[in-house]
Structure formats: C-alpha cells, structure tokens
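The structure under discussion appears below in the form of structure tokens.
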Amino acid sequence: MQGTSKRGNSSWLRRLANVADRTACALRAVPSQCAVCHAWPAQRICHDCLVRLCTTRSRCRTCAIAVPAEVVQCGACLVDGTPLDHCVAAVDYAFPWSQLVAQFKFQPDPAWAAPLAAILRSAPHAQHLLDGADIILPIPLSRERLAERGFNQALQLARHLGARHKLHAHVLQRVGHGHGQAHAQAQVGLPRAQRLRNLRGAFLLHPARAAAVHNRRVLLVDDVMTTGATLHAAADVLRHAGASAVSALVLARTG
C-alpha cells in the first residue's frame with residue numbers, strides 16, 4: 001500500500017460519485033441541506049462538495065500521515081516502529097471534516113455515521129483492509145464517556161462499513177482511561193509520548209471473547225487519528241493476544 005497515484009485518485013473520485021447514492025437511502029425520506037455549501041435539497045454532503053473536498057493524499061502506509069508521493073513509510077514509523085501493519089485515513093482533519101466530526105460526536109448527531117462511513121469506505125485501500133480483515137473492532141469509549149455521549153462514534157462508523165458479519169463490538173474494552181486513572185487526563189495538545197503513557201492499561205480484551213483475535217487479522221476502526229497513541233495502545237493489546245495482523249481504518253487524520 002503505497003502513495004496514491006493519479007490512477008488511484010481517479011478511481012477514488014469515481015467511488016465518491018456514488019457515495020451520495022449509497023447513503024441517500026437512509027436520508028431520502030427527509031429533505032436535507034448540504035452541511036458544507038448549504039445547497040437545498042441535498043444529502044448531508046452534496047455530490048459537488050464530496051468531489052471538491054475529498055482529495056486524495058499520499059500517506060504513510062502505517063500511520064496515514066501525509067507524505068511526499070514517493071514515500072511509503074514516514075520517518076517516525078521507520079525509527080520508532082509501529083504495531084500497525086497498515087493504516088488508512090480518508091480525509092485530513094481540517095475544514096469541513098473537523099466541524100462535521102464535531103457535530104457527529106458532540107452535538108451529538110449519530111445520523112452522520114452513514115455518510116461519513118461511506119466516505120471512509122471509499123478511501124484508497126479501505127476496501128482492501130475491509131476485505132482482508134477477519135474481525136473488525138471499533139475503538140471503545142470509557143464507560144463515563146459513553147454515558148456522556150450516548151453512543152460510540154467508532155462503533156457507529158463500523159456498523160455502516162458494509163461488513164457487519166465481521167464486526168465484534170465488545171471484544172476490545174476500555175478500562176477507565178489508562179495508567180490507573182479514574183478520570184481522563186486531557187489528551188488534546190499532549191505530545192505522543194505523554195499520550196502513550198496516559199493510555200497504558202487503557203484497553204483489555206473481554207475474557208470470554210479474547211480467543212476471537214488469536215491468529216486473526218484484526219482491523220481497528222476510529223473516527224480521528226491524532227498521534228496514533230490510542231490505536232497503538234489497542235494494537236499492542238491485540239498483538240499480545242496473538243493477532244496475526246493489526247491494521248487501522250480512520251475517517252480523519254490530523255497533520
């Protein structure tokens with residue numbers, strides 16, 4: 001899985017041309033306005049905005065950060081190593097995606113799950129990861145965060161990726177916020193090393209379901225990847241449990 005070529009870019013644009021059609025069935029009964037350009041009537045994101053804003057980027061194979069076209073893996077992944085075999089991100093965490101993700105998570109508005117999942121599934125190499133996975137695990141929320149939000153955005157995205165027979169919602173669990181903390185230490189703005197320290201012990205496998213990942217190819221799903229600390233902490237647990245491969249599929253990647 002290497003930097004996206006012109007042919008790959010053209011292929012993604014063709015897939016994006018069908019995204020609105022694939023998601024409209026869930027929204028067709030209620031007239032809507034495009035959340036980006038405010039066209040009316042439209043799906044939540046109209047066809048023109050999808051084509052204009054879903055531009056492909058060459059990304060690191062294992063952390064999905066933007067890299068020059070000729071680069072396969074970024075320097076940080078080469079030097080520090082990574083528990084992820086592959087990582088795919090659909091868009092940059094920038095306008096308008098950062099605002100739309102905020103609407104999805106914090107307003108909260110779970111109806112965003114279907115159109116955002118369609119964009120995620122259309123990203124270069126995303127279908128390859130979905131097809132190759134034996135088991136799909138959404139990144140779980142802590143009990144406190146789930147009660148606060150009312151739903152797990154990663155689980156909602158995963159349910160709309162078209163591989164529900166592979167989805168196991170409760171195999172991976174979050175225990176508090178890691179490192180024995182009863183409450184979350186704010187992760188926003190922290191460097192990656194500190195985030196990793198905060199997330200030690202944050203994940204475990206359900207004792208009765210842990211065997212489900214042994215010798216299996218696991219695909220993690222999340223909404224936003226910042227430093228990769230959360231995905232790496234989850235992947236480490238899966239590796240320790242005997243997963244044969246661990247990859248990740250995320251909607252948006254920060255720069």
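Chains: A, B, ... in order of the structure tokens. Residues: from 1 per chain. Ligands: from 1, in order shown.
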Give me, as CSV, each residue of segment 94-208 of chain A that comes within 6 Å of segment 217-228 of chain A, together with its shortest interatomic pair and the distance in Å at one decimal, counting only C-alpha atoms, with rows ordered by chain and rising residue number.
```
residue,atom,partner,partner_atom,distance
A:Ala133,CA,A:Arg217,CA,5.1
A:Asp134,CA,A:Arg217,CA,5.1
A:Ile135,CA,A:Val218,CA,5.1
A:Ile136,CA,A:Leu219,CA,4.8
A:Leu137,CA,A:Leu220,CA,4.9
A:Pro138,CA,A:Val221,CA,4.6
A:Ile139,CA,A:Asp222,CA,5.7
A:Ala154,CA,A:Asp222,CA,4.7
A:Arg192,CA,A:Thr227,CA,5.5
```
Using only C-alpha atoms, which protein or nucleic acid residues come within 8 Å of Arg44 of chain A? Drop anything in the same chain fewer than 6 positions from it, and give the result as a list in words.
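Near Arg44 of chain A, the qualifying residues are Ser32, Gln33, Cys34, Ala35, Trp112 and Pro115 of chain A.
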Asp85 of chain A environment, 12 Å, only C-alpha atoms, sequence neighbours closer than 3 positions dropped, as number ranges by chain
A: 1, 60-64, 73, 77, 81-82, 88, 129, 133, 217-220, 231-232, 235-236, 239, 243-249
Fewer than 4 positions away in the same chain doesn't count, so skip those; otherwise give me all residues within 8 Å of Ala123 of chain A, counting only C-alpha atoms, as a list in words.
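Here the qualifying residues turn out to be Trp12, Thr56, Val88, Ala89, Ala90, Ile119 and Gln127 of chain A.
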Given only C-alpha atoms as the basis, pick out the residue of A:Ile65, A:His168, A:Pro140, A:Leu157 nearest to Phe104 of chain A.
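Ranking A:Ile65, A:His168, A:Pro140, A:Leu157 by distance to Phe104 of chain A, first place goes to A:Leu157.
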Residues of segment 27-163 of chain A in alpha helix (DSSP H) according to DSSP, as number ranges by chain?
A: 47-53, 75-80, 97-106, 113-122, 126-132, 143-149, 153-159
What is the atom CA of Arg143 of chain A to atom CA of His86 of chain A distance in Å?
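Atom CA of Arg143 of chain A sits 28.6 Å away from atom CA of His86 of chain A.
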Selected residue, from A:Ala118, A:Ala241, A:Val250, A:Ala234, that lies nearest to Arg174 of chain A when counting only C-alpha atoms:
A:Ala234
Between atom CA of Pro108 of chain A and atom CA of Phe151 of chain A lies a distance of 8.8 Å
